[in-house]
Amino acid sequence: MENNSAMSNDRPTVMVTNDDGIDAPGLRALVRVLVSSNRFNVLVCAPDSEKSAVSHYITWRNAIFAKPVEISGAIAFAVSGTPADCTALGISNALFPSKPDLVISGINMGSNCGYHIVYSGTVAGAREAFFNDVPAISLSYDWVGGKSNVDDFVLAAEACLPIFSAGYRLTKQGKSRVKMGWRQVTSDAQGGKMLSTMTMETNSSSHSEAEALSTNHGHLMFKREVTGSHVDDGDTDYSYLQEGYITVSPLGAFSHADMDSQAYFKQWLPSVTECFSSSALIYGLDSVSIRVARVVTMEARLQVQSFPTHGMTGQ
């Protein structure tokens with residue numbers, strides 16, 4: 001396997017993935033900062049196209065393809081799968097000669113707070129590593145249309161290198177989310193374009209042929225649209241992120257209901273079992289999440305979500 005990067009046994013190996021695709025400015029900025037730091041061997045295994053909001057979807061029945069990509073200072077592959085596929089392949093020893101010490105997923109264009117964590121392909125890229133006993137972090141930049149620019153990704157990546165010596169707030173995963181509805185349309189060009197940040201680009205007039213689909217006779221066409229939002233108050237991830245803090249929130253591979261919910265179900269289940277004999281599984285997450293908000297001097301807003309195991313090796 002040819003590559004343009006010499007691997008050193010003296011440095012830990014970091015693998016980068018994302019859900020915005022291997023050409024996304026957030027990933028490219030992160031890789032440049034990692035390479036220029038001279039602290040890591042850098043691998044890249046990322047989707048060959050945008051895979052935003054695919055959550056933890058994995059390719060099960062079909063083969064996936066990995067194509068070498070030239071990224072200075074790194075060994076890189078574009079993969080025809082999802083973020084979880086990319087991580088699974090990259091840490092399997094099938095693509096690279098050894099398992100990385102750390103997986104970093106991002107930098108995502110758009111925050112991942114509250115319920116959006118469930119939808120996030122960026123978080124799933126980190127979670128898949130955690131499932132396989134590899135420490136992992138997901139990075140998300142709170143992109144603001146008309147204000148943010150691609151140079152912010154470099155500042156965000158640089159802010160992550162000394163992240164553990166920076167200020168932060170201990171928070172909890174909130175319930176903030178964008179509320180969405182469905183709108184019937186006659187063409188895919190109607191209603192604006194849904195961006196990966198879960199916002200609408202309503203002034204977009206350019207659509208590719210693939211996007212400019214029209215309804216066939218007898219078919220109905222629907223598009224998602226943003227209808228509102230729910231924002232938490234108090235000590236939640238989204239609230240403190242907007243105030244400019246680095247936030248740290250507990251996540252996990254397993255979901256545990258809050259105490260109020262547990263109390264409710266303890267009362268509810270006995271009454272149900274009188275009528276039914278069944279079992280229930282409540283799905284969720286489990287581990288630790290670290291989020292970084294605005295970098296104080298440049299108003300960059302960044303999240304870091306961490307799925308640690310036993311820590312990095314080779315340092």
# chains A, B, ... in the order shown; residues from 1 in each chain; ligands from 1
$ residues_around --residues "Ser8 of chain A" --least-positions-apart "3" --cutoff "9 Å" --atoms "only C-alpha atoms" --output "ChimeraX atom specification"
/A:11-13,40-41
$ closest_residue --among "A:Asn93, A:Thr59, A:Ser111, A:Ser80" --to "Gln242 of chain A" --atoms "only C-alpha atoms"
A:Ser111
$ select_by_dssp --residues "segment 21-101 of chain A" --states "alpha helix (DSSP H)" --output "list in words"
Pro25, Gly26, Leu27, Arg28, Ala29, Leu30, Val31, Arg32, Val33, Leu34, Val35, Ser36, Pro83, Ala84, Asp85, Cys86, Thr87, Ala88, Leu89 and Gly90 of chain A
$ residues_around --residues "Val123 of chain A" --least-positions-apart "5" --cutoff "8 Å" --atoms "only C-alpha atoms" --output "PDB file with N, CA and C atoms, in the first residue's frame"
ATOM      1  N   SER A  55     -27.001   8.620  11.499  1.00  0.00           N
ATOM      2  CA  SER A  55     -26.901   7.982  12.796  1.00  0.00           C
ATOM      3  C   SER A  55     -25.895   6.826  12.750  1.00  0.00           C
ATOM      4  N   SER A 105     -13.727  11.932  15.194  1.00  0.00           N
ATOM      5  CA  SER A 105     -14.766  12.070  14.172  1.00  0.00           C
ATOM      6  C   SER A 105     -15.155  13.542  14.068  1.00  0.00           C
ATOM      7  N   ILE A 117     -27.902  14.276  18.960  1.00  0.00           N
ATOM      8  CA  ILE A 117     -26.831  13.297  19.124  1.00  0.00           C
ATOM      9  C   ILE A 117     -27.252  11.941  18.560  1.00  0.00           C
ATOM     10  N   SER A 138     -15.723  12.945  19.205  1.00  0.00           N
ATOM     11  CA  SER A 138     -16.373  13.595  18.061  1.00  0.00           C
ATOM     12  C   SER A 138     -16.333  15.101  18.257  1.00  0.00           C
ATOM     13  N   GLN A 305     -17.115  15.426  21.804  1.00  0.00           N
ATOM     14  CA  GLN A 305     -17.821  14.362  22.497  1.00  0.00           C
ATOM     15  C   GLN A 305     -16.915  13.154  22.563  1.00  0.00           C
TER      16      GLN A 305
END
$ closest_residue --among "A:Ala29, A:Gly90, A:Ala129, A:Gln184" --to "Ser72 of chain A" --atoms "only C-alpha atoms"
A:Ala29
$ residues_around --residues "Pro68 of chain A" --least-positions-apart "2" --cutoff "8 Å" --atoms "only C-alpha atoms" --output "list in words"
Ala66, Glu70, Ala76, Phe77 and Ala78 of chain A
$ write_last_selection --atoms "C-alpha atoms" --output "compact mmCIF listing (two decimals), in the first residue's frame"
# COMPACT_ATOMS: atom_id res chain seq x y z
CA ALA A 66 -12.05 2.12 -0.29
CA GLU A 70 -3.91 12.15 -1.42
CA ALA A 76 -6.14 8.43 3.62
CA PHE A 77 -9.00 6.45 2.09
CA ALA A 78 -12.42 7.52 0.83
$ closest_residue --among "A:Pro83, A:Val150, A:Ala63, A:Asp133" --to "Pro25 of chain A" --atoms "only C-alpha atoms"
A:Val150
$ residues_around --residues "Gly106 of chain A" --least-positions-apart "2" --cutoff "6 Å" --atoms "only C-alpha atoms" --output "list of chain:residue names"
A:Asn18, A:Leu27, A:Asn108, A:Ser138, A:Leu139
